[in-house]
$ cat model.cif   # mmCIF, C-alpha atoms
data_target
#
loop_
_atom_site.label_atom_id
_atom_site.label_comp_id
_atom_site.auth_asym_id
_atom_site.auth_seq_id
_atom_site.Cartn_x
_atom_site.Cartn_y
_atom_site.Cartn_z
CA MET A 107 1.34 18.76 11.72
CA ILE A 108 0.63 16.00 14.23
CA GLN A 109 -2.48 13.97 13.60
CA LEU A 110 -4.53 13.35 16.71
CA VAL A 111 -6.42 10.47 15.14
CA GLN A 112 -4.25 7.82 13.58
CA LYS A 113 -5.50 5.05 11.35
CA THR A 114 -5.21 1.51 12.60
CA ALA A 115 -3.39 -1.22 10.70
CA PRO A 116 -6.69 -2.84 9.62
CA GLN A 117 -7.96 0.51 8.33
CA ILE A 118 -4.82 1.06 6.30
CA ALA A 119 -4.98 -2.49 4.91
CA GLN A 120 -8.61 -2.00 3.92
CA GLU A 121 -7.89 1.31 2.18
CA LEU A 122 -4.95 -0.23 0.34
CA SER A 123 -6.97 -3.20 -0.89
CA GLU A 124 -9.73 -0.83 -2.03
CA ARG A 125 -7.20 1.23 -3.99
CA VAL A 126 -5.84 -1.90 -5.63
CA ARG A 127 -9.37 -3.04 -6.50
CA ARG A 128 -10.10 0.34 -8.13
CA ARG A 129 -6.85 0.23 -10.10
CA ARG A 130 -7.57 -3.37 -11.18
CA LYS A 131 -10.96 -2.29 -12.49
CA GLU A 132 -9.46 0.79 -14.21
CA LYS A 133 -7.11 -1.54 -16.06
CA GLY A 134 -10.02 -3.84 -16.97
CA PHE A 135 -8.67 -6.91 -15.18
CA THR A 136 -10.80 -9.51 -13.46
CA GLN A 137 -9.61 -10.86 -10.13
CA ALA A 138 -8.53 -14.06 -11.89
CA GLN A 139 -6.54 -12.15 -14.52
CA LEU A 140 -4.72 -10.04 -11.96
CA ALA A 141 -4.01 -13.06 -9.78
CA GLU A 142 -2.50 -14.87 -12.78
CA ARG A 143 -0.46 -11.83 -13.85
CA SER A 144 0.80 -11.53 -10.25
CA GLY A 145 1.71 -15.20 -9.97
CA MET A 146 -0.63 -15.84 -7.06
CA SER A 147 -3.66 -18.02 -6.60
CA LEU A 148 -7.10 -16.59 -7.17
CA ALA A 149 -8.03 -17.53 -3.59
CA SER A 150 -5.10 -15.51 -2.25
CA TYR A 151 -6.01 -12.52 -4.35
CA LYS A 152 -9.67 -12.70 -3.32
CA ARG A 153 -8.57 -12.87 0.33
CA PHE A 154 -6.66 -9.63 -0.22
CA GLU A 155 -9.66 -7.79 -1.66
CA GLN A 156 -12.14 -9.22 0.84
CA GLN A 157 -10.15 -9.65 4.05
CA HIS A 158 -7.30 -7.23 3.29
CA GLU A 159 -4.61 -9.85 3.93
CA ILE A 160 -1.61 -10.29 1.65
CA ALA A 161 2.04 -11.26 1.91
CA PHE A 162 4.37 -8.35 1.22
CA ASP A 163 6.06 -10.04 -1.74
CA SER A 164 2.62 -10.75 -3.23
CA LEU A 165 1.68 -7.08 -2.80
CA ILE A 166 4.81 -6.13 -4.71
CA LYS A 167 3.88 -8.57 -7.50
CA VAL A 168 0.36 -7.08 -7.66
CA ALA A 169 1.86 -3.59 -7.88
CA ILE A 170 4.15 -4.71 -10.74
CA ALA A 171 1.23 -6.33 -12.57
CA LEU A 172 -0.70 -3.06 -12.29
CA GLY A 173 2.29 -0.92 -13.29
CA CYS A 174 2.43 0.71 -9.87
CA GLU A 175 5.77 -0.58 -8.59
CA LYS A 176 7.18 2.96 -8.45
CA ASP A 177 4.67 3.72 -5.67
CA PHE A 178 7.01 1.82 -3.34
CA ASP A 179 9.77 4.36 -4.04
CA THR A 180 8.10 6.89 -1.76
CA LEU A 181 7.25 4.49 1.07
CA PHE A 182 9.19 5.64 4.16
CA SER A 183 11.32 7.96 2.03
CA THR A 184 10.38 11.26 3.65
CA PRO A 185 11.40 11.79 7.28
CA GLN A 186 8.51 12.63 9.59
CA PHE A 187 9.16 14.91 12.55
CA SER A 188 6.74 15.54 15.37
CA SER A 189 8.58 18.58 16.70
CA ILE A 190 11.14 21.17 15.73
CA GLU A 191 13.49 19.57 18.25
CA GLU A 192 13.38 16.25 16.34
CA LEU A 193 14.11 18.06 13.09
CA LEU A 194 17.06 19.94 14.59
CA ALA A 195 18.44 16.78 16.19
CA SER A 196 18.19 14.99 12.85
CA GLU A 197 20.04 17.78 11.08
CA LYS A 198 22.71 17.81 13.79
CA ASN A 199 23.28 14.05 13.45
CA ARG A 200 23.83 14.27 9.68
#
$ encode --input "model.cif" --output "structure tokens"
Amino acid sequence: MIQLVQKTAPQIAQELSERVRRRRKEKGFTQAQLAERSGMSLASYKRFEQQHEIAFDSLIKVAIALGCEKDFDTLFSTPQFSSIEELLASEKNR
């Protein structure tokens, strides 16, 4: 199904940082502990939670520190088709 309202990049970044914050708290880590476990500065980690900005390699390190690295396995793994024609064209090109 095609979504008529798409999220913006800042909205996605905010939701992602909120999910990470929740997972951090579930695991009982402070911001400083997770920053240390991720090999990043506390200031950089705080910027992620507050301003939703993070380098991709740092995000991967945070995911590893939280035991969530397998979440990246599904990123972009499933083809998305907006029409039956796109699906058929994809199947034809295989």
$ resolve_selection --input "model.cif" --expression "the PyMOL selection byres ((chain A and resi 133-150) around 8)" --output "compact mmCIF listing (two decimals) with C-alpha atoms, in the coordinates of the input"
# COMPACT_ATOMS: atom_id res chain seq x y z
CA ARG A 129 -6.85 0.23 -10.10
CA ARG A 130 -7.57 -3.37 -11.18
CA LYS A 131 -10.96 -2.29 -12.49
CA GLU A 132 -9.46 0.79 -14.21
CA TYR A 151 -6.01 -12.52 -4.35
CA LYS A 152 -9.67 -12.70 -3.32
CA ARG A 153 -8.57 -12.87 0.33
CA PHE A 154 -6.66 -9.63 -0.22
CA ILE A 160 -1.61 -10.29 1.65
CA SER A 164 2.62 -10.75 -3.23
CA LYS A 167 3.88 -8.57 -7.50
CA VAL A 168 0.36 -7.08 -7.66
CA ILE A 170 4.15 -4.71 -10.74
CA ALA A 171 1.23 -6.33 -12.57
CA LEU A 172 -0.70 -3.06 -12.29
$ atom_distance --input "model.cif" --atom1 "atom CA of Pro185 of chain A" --atom2 "atom CA of Thr114 of chain A"
20.2 Å
$ residues_around --input "model.cif" --residues "Glu197 of chain A" --least-positions-apart "5" --cutoff "12 Å" --atoms "all atoms listed in the file" --output "PyMOL selection string"
chain A and resi 185+187+190-192
$ closest_residue --input "model.cif" --among "A:Val111, A:Ala119, A:Leu181, A:Ala195" --to "Gln156 of chain A" --atoms "all atoms listed in the file"
A:Ala119
$ atom_distance --input "model.cif" --atom1 "atom CA of Gln186 of chain A" --atom2 "atom CA of Glu124 of chain A"
25.5 Å
$ atom_distance --input "model.cif" --atom1 "atom CA of Leu122 of chain A" --atom2 "atom CA of Glu159 of chain A"
10.3 Å
$ closest_residue --input "model.cif" --among "A:Ala169, A:Phe178, A:Gln157, A:Leu194" --to "Pro116 of chain A" --atoms "only C-alpha atoms"
A:Gln157
$ closest_residue --input "model.cif" --among "A:Ile166, A:Glu175, A:His158, A:Asn199" --to "Ile118 of chain A" --atoms "all atoms listed in the file"
A:His158
$ build_atoms --input "model.cif" --residues "segment 126-147 of chain A" --atoms "N, CA, C and O atoms" --output "tab-separated table (two decimals), in the coordinates of the input"
chain	number	residue	atom	x	y	z
A	126	VAL	N	-6.26	-0.89	-4.66
A	126	VAL	CA	-5.84	-1.90	-5.63
A	126	VAL	C	-7.03	-2.38	-6.45
A	126	VAL	O	-6.95	-2.51	-7.67
A	127	ARG	N	-8.16	-2.61	-5.79
A	127	ARG	CA	-9.37	-3.04	-6.50
A	127	ARG	C	-9.77	-1.99	-7.56
A	127	ARG	O	-10.08	-2.34	-8.70
A	128	ARG	N	-9.76	-0.72	-7.17
A	128	ARG	CA	-10.10	0.34	-8.13
A	128	ARG	C	-9.13	0.35	-9.31
A	128	ARG	O	-9.54	0.46	-10.46
A	129	ARG	N	-7.85	0.22	-9.03
A	129	ARG	CA	-6.85	0.23	-10.10
A	129	ARG	C	-7.03	-1.00	-11.00
A	129	ARG	O	-6.92	-0.90	-12.22
A	130	ARG	N	-7.33	-2.15	-10.40
A	130	ARG	CA	-7.57	-3.37	-11.18
A	130	ARG	C	-8.72	-3.14	-12.15
A	130	ARG	O	-8.64	-3.47	-13.34
A	131	LYS	N	-9.79	-2.54	-11.66
A	131	LYS	CA	-10.96	-2.29	-12.49
A	131	LYS	C	-10.66	-1.24	-13.56
A	131	LYS	O	-11.14	-1.35	-14.69
A	132	GLU	N	-9.86	-0.21	-13.22
A	132	GLU	CA	-9.46	0.79	-14.21
A	132	GLU	C	-8.73	0.14	-15.37
A	132	GLU	O	-8.88	0.55	-16.52
A	133	LYS	N	-7.90	-0.85	-15.05
A	133	LYS	CA	-7.11	-1.54	-16.06
A	133	LYS	C	-7.94	-2.60	-16.80
A	133	LYS	O	-7.46	-3.18	-17.77
A	134	GLY	N	-9.14	-2.87	-16.31
A	134	GLY	CA	-10.02	-3.84	-16.97
A	134	GLY	C	-9.70	-5.29	-16.67
A	134	GLY	O	-10.09	-6.18	-17.42
A	135	PHE	N	-9.01	-5.54	-15.55
A	135	PHE	CA	-8.67	-6.91	-15.18
A	135	PHE	C	-9.73	-7.50	-14.26
A	135	PHE	O	-10.25	-6.81	-13.38
A	136	THR	N	-9.99	-8.78	-14.44
A	136	THR	CA	-10.80	-9.51	-13.46
A	136	THR	C	-9.87	-9.90	-12.31
A	136	THR	O	-8.63	-9.82	-12.44
A	137	GLN	N	-10.45	-10.37	-11.24
A	137	GLN	CA	-9.61	-10.86	-10.13
A	137	GLN	C	-8.73	-12.00	-10.61
A	137	GLN	O	-7.55	-12.06	-10.27
A	138	ALA	N	-9.29	-12.90	-11.40
A	138	ALA	CA	-8.53	-14.06	-11.89
A	138	ALA	C	-7.37	-13.61	-12.78
A	138	ALA	O	-6.26	-14.16	-12.68
A	139	GLN	N	-7.60	-12.63	-13.63
A	139	GLN	CA	-6.54	-12.15	-14.52
A	139	GLN	C	-5.41	-11.50	-13.72
A	139	GLN	O	-4.23	-11.74	-14.00
A	140	LEU	N	-5.76	-10.69	-12.74
A	140	LEU	CA	-4.72	-10.04	-11.96
A	140	LEU	C	-3.97	-11.06	-11.11
A	140	LEU	O	-2.75	-10.98	-10.97
A	141	ALA	N	-4.68	-12.02	-10.55
A	141	ALA	CA	-4.01	-13.06	-9.78
A	141	ALA	C	-3.00	-13.80	-10.66
A	141	ALA	O	-1.85	-14.02	-10.25
A	142	GLU	N	-3.41	-14.16	-11.87
A	142	GLU	CA	-2.50	-14.87	-12.78
A	142	GLU	C	-1.30	-14.00	-13.16
A	142	GLU	O	-0.16	-14.46	-13.12
A	143	ARG	N	-1.55	-12.74	-13.48
A	143	ARG	CA	-0.46	-11.83	-13.85
A	143	ARG	C	0.50	-11.62	-12.68
A	143	ARG	O	1.67	-11.32	-12.89
A	144	SER	N	-0.02	-11.74	-11.46
A	144	SER	CA	0.80	-11.53	-10.25
A	144	SER	C	1.47	-12.81	-9.78
A	144	SER	O	2.28	-12.77	-8.85
A	145	GLY	N	1.11	-13.93	-10.38
A	145	GLY	CA	1.71	-15.20	-9.97
A	145	GLY	C	1.19	-15.71	-8.64
A	145	GLY	O	1.90	-16.39	-7.91
A	146	MET	N	-0.05	-15.37	-8.32
A	146	MET	CA	-0.63	-15.84	-7.06
A	146	MET	C	-1.93	-16.55	-7.36
A	146	MET	O	-2.49	-16.41	-8.45
A	147	SER	N	-2.41	-17.30	-6.40
A	147	SER	CA	-3.66	-18.02	-6.60
A	147	SER	C	-4.83	-17.04	-6.55
A	147	SER	O	-4.75	-15.99	-5.91
